[in-house]
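Engineer: Before we start, here is the structure in question, set down as structure tokens.
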Amino acid sequence: MTALRQRKGSRGKEPPLGVSEFQSQQSNCCTDHHPEKILHGDWSWGAIIWTSVGWSVAVGLGLLCCIYVATLHENDLWFSNIKEVEREISFRTECGLYYSYYKQMLLAPSIQEGLSDLIHDNLTESKRTINLLQRMNIYQEVFLSVLYRLLPIQSYLEPVYFYIYTVFSLQAVYVIALYLTAWLLSGSWLAGALAGVWYILNRVDTTRVEFTISLRENWSLPFLALQVTAITCYLRPQLTALQQKVMVWLMYVTTLCFCLTWQFNQFILLVQALIIYTLDCADFITTTQVTTLYLVQVSGLLSVWLLQFCNSMVLGSLVLSFIVAVLFIRHFQSGLKTGSLPVRLGKLLLHSAMVLLLTLTINYLTKKALQLRSDEHIFKFIKSKFALGPTRDFDASLYLCEEAFGLLPLDTLERLAGTLLLYPYIFTLLLLSGTLAVAALQKLSRTKVGSVEEKKGAGEGRAVAFRPDVAYNVLHTLFFGLLAFSTMRMKYIWTGHMCAVAAYGVCGTELWTLLLNTLRCNSKVMLRLVRYAVPLAMIACLYFKFWPKLMEELSELREFYDPDTVELMTWISTKTPKRAVFAGSMQLLAGIKLCTGRVLTNHPHYEDKDLRERTRQVYQVYARRSPEEIHDILRAAGADYVVLENSICYERRHRRGCRLRDLLDLANGHIMDGSGENELDLVPASHPRFCEAIKTEAAAYTALFNLTFQNKTFHVYRVKKKRKKSAKSSSEPSASP
């Protein structure tokens with residue numbers, strides 16, 4: 001058990017006074033069956049067999065999760081039996097937009113022409129040519145399309161199945177990453193098995209991949225989980241120099257893949273950088289480790305910046321400004337970790353204030369120099385969410401009114417408790433957080449010595465007091481847990497890691513050492529008995545409780561049914577010019593792009609200021625504006641057709657004040673529909689709501705718009721070109737069912 005205490009160059013000093021026997025147990029946790037045990041030279045048959053069984057269970061659980069979500073997707077849509085247009089419509093909202101580029105690459109005459117079309121795209125935004133590889137995170141679609149072209153699988157595997165099976169396979173990677181994290185922390189692969197089982201049973205709260213396949217987070221979160229596993233391994237003691245280099249490269253590759261596949265990567269990395277900063281301030285990890293972790297983040301971001309054709313949004317990210325500020329100030333504050341507890345706390349407060357000030361300064365100057373405004377809608381949302389700014393901003397209100405960006409519902413905790421996940425997680429988190437706080441105070445109270453030898457001894461003491469890998473994972477789950485509670489959509493980052501932390505609590509030594517000491521029956525035999533018996537009992541309990549429910553869920557067969565949208569897409573494909581430009585809601589236009597290949601005025605990828613402004617203008621079709629104003633707006637965007645949706649015009653899904661028409665009324669300074677209070681400065685509109693009034697076919701509307709298609713859900717109008725008054729306006733025959 002003393003092996004974990006020895007580090008390269010250490011003189012084996014005793015841990016500092018005040019470190020309890022519990023903390024020593026924590027640092028020496030379960031070294032019997034770590035996955036890297038063989039790498040440390042233990043080639044006994046027992047170690048080889050036990051490790052092989054652990055890896056086999058990891059792969060088995062990963063494949064089980066992959067097959068599970070794939071079966072749910074098939075059963076929910078009867079995907080194998082529906083028409084191609086129905087398959088494409090099932091890629092809802094922005095998922096359809098991303099998948100359309102995979103389809104576009106496959107339909108291109110060659111890979112080179114396909115890439116050229118993406119770099120010089122004039123179909124996604126009318127009257128504009130944009131570089132899609134710079135604007136959007138679609139390298140995964142490019143990679144898959146190239147791979148599908150090169151592999152000899154076209155004769156027996158359709159392109160859509162190659163795409164969705166790849167995404168489902170990433171769920172297997174996700175489960176294996178959580179499994180390895182729990183195994184590394186606890187020393188028992190039973191912890192990994194328990195983490196994998198919990199992830200699958202809590203599918204509703206851990207993933208939504210089966211119905212949002214192309215969503216960027218479904219590509220990126222498995223790589224984030226792998227990165228956390230690599231960080232956990234990197235922070236473990238007794239790694240050789242070669243193993244450390246391997247871990248650094250793994251951290252870089254996983255960080256790069258994570259950042260390349262999700263546009264919100266900078267905000268996740270910012271939280272991670274704050275975790276590293278906290279560990280550094282509390283002296284849990286060495287200066288070399290801190291610098292390495294920061295540089296891995298910077299290298300990943302700069303690599304993405306290059307791959308995305310020098311995307312200015314990366315250089316203007318807060319996380320990059322923060323890391324530069326931290327490294328710059330720390331370089332000139334060599335005495336930060338010296339002095340008594342009050343002195344060190346004062347220095348840390350001053351240091352943090354300076355870092356914050358320099359971060360904001362660097363970020364402000366960078367955005368000014370680059371004229372960057374692509375991500376300002378996110379900061380408007382954050383300000384409005386915490387009542388720090390105006391709430392009438394249209395872009396911020398779009399986010400605030402969506403349930404996914406609200407607070408975490410309490411029924412989430414009820415579901416997590418129902419699978420026996422929440423209770424061990426809370427106990428583990430409380431215990432480790434308390435221990436972490438005590439260890440941090442001990443370190444801050446300890447006078448920092450200057451000699452190299454004493455520093456090495458102090459580093460040895462740190463390893464005994466609280467393992468750095470455990471400290472990182474505790475802060476990771478705390479920080480992302482707070483993020484999940486503030487914004488429900490971010491719960492998918494938290495709940496997966498939550499499974500690993502809870503499994504570590506059940507299979508590690510911390511909870512059991514405390515409990516057995518309280519009962520005065522602590523011994524190595526008893527500790528090992530409960531560490532293996534309890535997780536096995538929990539897995540057996542979960543099996544008997546949930547296996548029948550899983551089988552019942554998998555036996556439920558549904559079928560895709562959206563005849564109105566199918567009819568609309570078929571009409572557009574057959575009755576409109578191939579270069580026709582369509583205006584409408586972001587979500588519907590993404591489907592039109594995928595199913596018909598027509599040109600769009602706007603789309604759901606919202607990370608561009610000009611596009612956001614155009615979207616707000618196009619959405620005026622649901623506001624109270626005159627037909628002349630709407631016509632001018634649509635013609636300015638190059639629209640030939642506008643699609644009006646009854647579900648938006650007469651929306652009832654959101655409460656008053658959050659319906660799209662309400663957001664537009666507020667932004668325009670108009671009184672909202674329906675009974676209820678209105679702010680005093682709002683005034684009645686001088687025109688009726690356009691989406692309702694145009695259906696009256698009054699002369700003012702028919703002079704500018706011509707109904708060309710309608711069904712129960714959609715009305716499509718051709719936007720006429722303005723002509724002289726003497727000219728007779730021609731009309732197209734209405735195509736109605």
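Chain labels A, B, ... are given in the sequence in which chains occur in the structure tokens; within each chain residues are numbered consecutively from 1, and ligands are likewise numbered from 1 in the order shown.
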Taking the DSSP secondary structure from the backbone, can you list the residues of stretch 283-413 of chain A that are helix (DSSP H, G or I), as a PyMOL selection string?

Structural biologist: chain A and resi 287-307+312-315+318-331+341-370+376-385+394-400+403-405+410-413

Engineer: Just want the 9 Å neighbourhood of stretch 330-347 of chain A, counted on only C-alpha atoms, with same-chain residues fewer than 2 positions away dropped. Output as a ChimeraX atom specification.

Structural biologist: /A:281,283,325-328,349-352,441-449

Engineer: In Å to one decimal, how far is atom CA of A:His120 from atom CA of A:Gln134?

Structural biologist: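 Atom-to-atom, atom CA of A:Gln134 and atom CA of A:His120 are spaced 10.5 Å apart.
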
Engineer: When distances are computed from only C-alpha atoms, which of A:Gln272, A:Ser169, A:Thr713, A:Thr574 shows the smallest separation from A:Pro222?

Structural biologist: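 Answer, going by the shortest atom-to-atom distance: A:Ser169.
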
Engineer: So which residues touch stretch 686-688 of chain A within 9 Å, counting only C-alpha atoms, skipping near sequence neighbours fewer than 5 positions away, as a list of chain:residue names?

Structural biologist: A:Ala623, A:Arg624, A:Arg625, A:Ser626, A:Ala693

Engineer: Just give me the gap between atom CA of A:Lys103 and atom CA of A:Glu210 in Å, one decimal is fine.

Structural biologist: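 Going from atom CA of A:Lys103 over to atom CA of A:Glu210 covers 19.8 Å.
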
Engineer: Identify, on the basis of only C-alpha atoms, every residue whose closest approach to A:His631 does not exceed 12 Å; exclude the query and any residue fewer than 6 positions from it along the same chain; express the result as a count of residues only.

Structural biologist: 27

Engineer: Do you know which residues are at most 12 Å from A:Val59 counting only C-alpha atoms, after dropping those on the same chain fewer than 2 positions away, and could you put them as a ChimeraX atom specification?

Structural biologist: /A:52-57,61-66,169,171-180,192-193,196

Engineer: With C-alpha atoms kept, could you save the residues just selected as a PDB file, in the first residue's frame?

Structural biologist:
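Generated file (selection-v7.pdb):
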ATOM      1  CA  SER A  52      -9.402  -8.890 -19.298  1.00  0.00           C
ATOM      2  CA  VAL A  53     -12.761  -9.594 -17.692  1.00  0.00           C
ATOM      3  CA  GLY A  54     -13.040  -5.907 -16.786  1.00  0.00           C
ATOM      4  CA  TRP A  55     -12.349  -4.774 -20.344  1.00  0.00           C
ATOM      5  CA  SER A  56     -14.775  -7.368 -21.726  1.00  0.00           C
ATOM      6  CA  VAL A  57     -17.553  -6.099 -19.464  1.00  0.00           C
ATOM      7  CA  LEU A  61     -21.981  -2.650 -21.779  1.00  0.00           C
ATOM      8  CA  GLY A  62     -20.994  -0.222 -24.508  1.00  0.00           C
ATOM      9  CA  LEU A  63     -22.418  -2.483 -27.202  1.00  0.00           C
ATOM     10  CA  LEU A  64     -25.553  -3.045 -25.133  1.00  0.00           C
ATOM     11  CA  CYS A  65     -26.153   0.710 -24.913  1.00  0.00           C
ATOM     12  CA  CYS A  66     -25.532   1.113 -28.644  1.00  0.00           C
ATOM     13  CA  SER A 169     -21.645   3.657 -31.763  1.00  0.00           C
ATOM     14  CA  GLN A 171     -22.769   5.997 -27.235  1.00  0.00           C
ATOM     15  CA  ALA A 172     -20.772   2.820 -26.735  1.00  0.00           C
ATOM     16  CA  VAL A 173     -17.626   4.967 -26.539  1.00  0.00           C
ATOM     17  CA  TYR A 174     -19.371   7.195 -23.990  1.00  0.00           C
ATOM     18  CA  VAL A 175     -20.282   4.246 -21.757  1.00  0.00           C
ATOM     19  CA  ILE A 176     -16.768   2.783 -21.980  1.00  0.00           C
ATOM     20  CA  ALA A 177     -15.263   6.168 -21.025  1.00  0.00           C
ATOM     21  CA  LEU A 178     -17.499   6.432 -17.943  1.00  0.00           C
ATOM     22  CA  TYR A 179     -16.687   2.822 -17.108  1.00  0.00           C
ATOM     23  CA  LEU A 180     -12.941   3.501 -17.217  1.00  0.00           C
ATOM     24  CA  GLY A 192     -17.419   0.712 -14.096  1.00  0.00           C
ATOM     25  CA  ALA A 193     -20.126  -1.900 -14.550  1.00  0.00           C
ATOM     26  CA  GLY A 196     -22.597   1.700 -17.265  1.00  0.00           C
TER      27      GLY A 196
END

Engineer: Got a sec: who's within 8 Å of stretch 494-509 of chain A, counting only C-alpha atoms, leaving out chain neighbours fewer than 3 positions off, as a PyMOL selection string?

Structural biologist: chain A and resi 25-26+29-30+178-179+181-183+185-188+190-192+194-196+198-199+205-206+225+421-422+424-429+473-474+477+480-481+484+490-491+512-513+527+531-532+534-535

Engineer: Using only C-alpha atoms, find each residue in stretch 123-200 of chain A having at least one atom no more than 8 Å away from stretch 251-263 of chain A; report its shortest atom-to-atom pair and that distance in Å (one decimal), rows by chain then rising number, as a tab-separated table.

Structural biologist:
residue	atom	partner	partner_atom	distance
A:Met136	CA	A:Gln263	CA	7.3
A:Asn137	CA	A:Thr261	CA	5.3
A:Ile138	CA	A:Thr261	CA	6.9
A:Tyr139	CA	A:Thr261	CA	7.1
A:Gln140	CA	A:Thr261	CA	6.8

Engineer: Pick out the closest residue to A:Gln308 from this set: A:Gln587, A:Asn131, A:Asn646, A:Thr487. Count only C-alpha atoms.

Structural biologist: A:Asn131

Engineer: Please indicate the distance in Å from atom CA of A:Val204 to atom CA of A:Tyr492, rounded to one decimal place.

Structural biologist: 9.6 Å

Engineer: Report as a Markdown table: every residue of stretch 370-394 of chain A with an atom at most 12 Å from stretch 602-612 of chain A, its closest pair of atoms, and their distance in Å to one decimal, counting only C-alpha atoms, with rows sorted by chain and ascending residue number.

Structural biologist:
| residue | atom | partner | partner_atom | distance |
| --- | --- | --- | --- | --- |
| A:Gln371 | CA | A:Lys609 | CA | 11.2 |
| A:Leu372 | CA | A:Lys609 | CA | 9.1 |
| A:Arg373 | CA | A:Lys609 | CA | 6.2 |
| A:Ser374 | CA | A:Asp608 | CA | 4.6 |
| A:Asp375 | CA | A:Glu607 | CA | 6.1 |
| A:Glu376 | CA | A:Lys609 | CA | 8.1 |
| A:His377 | CA | A:Glu607 | CA | 8.2 |
| A:Ile378 | CA | A:Glu607 | CA | 9.0 |
| A:Asp393 | CA | A:Arg612 | CA | 11.8 |
| A:Phe394 | CA | A:Arg612 | CA | 9.5 |

Engineer: Select, from A:Tyr99, A:Ile572, A:Ser433, A:Tyr650, the residue with the minimum atom-to-atom distance to A:Tyr163, counting only C-alpha atoms.

Structural biologist: A:Tyr99
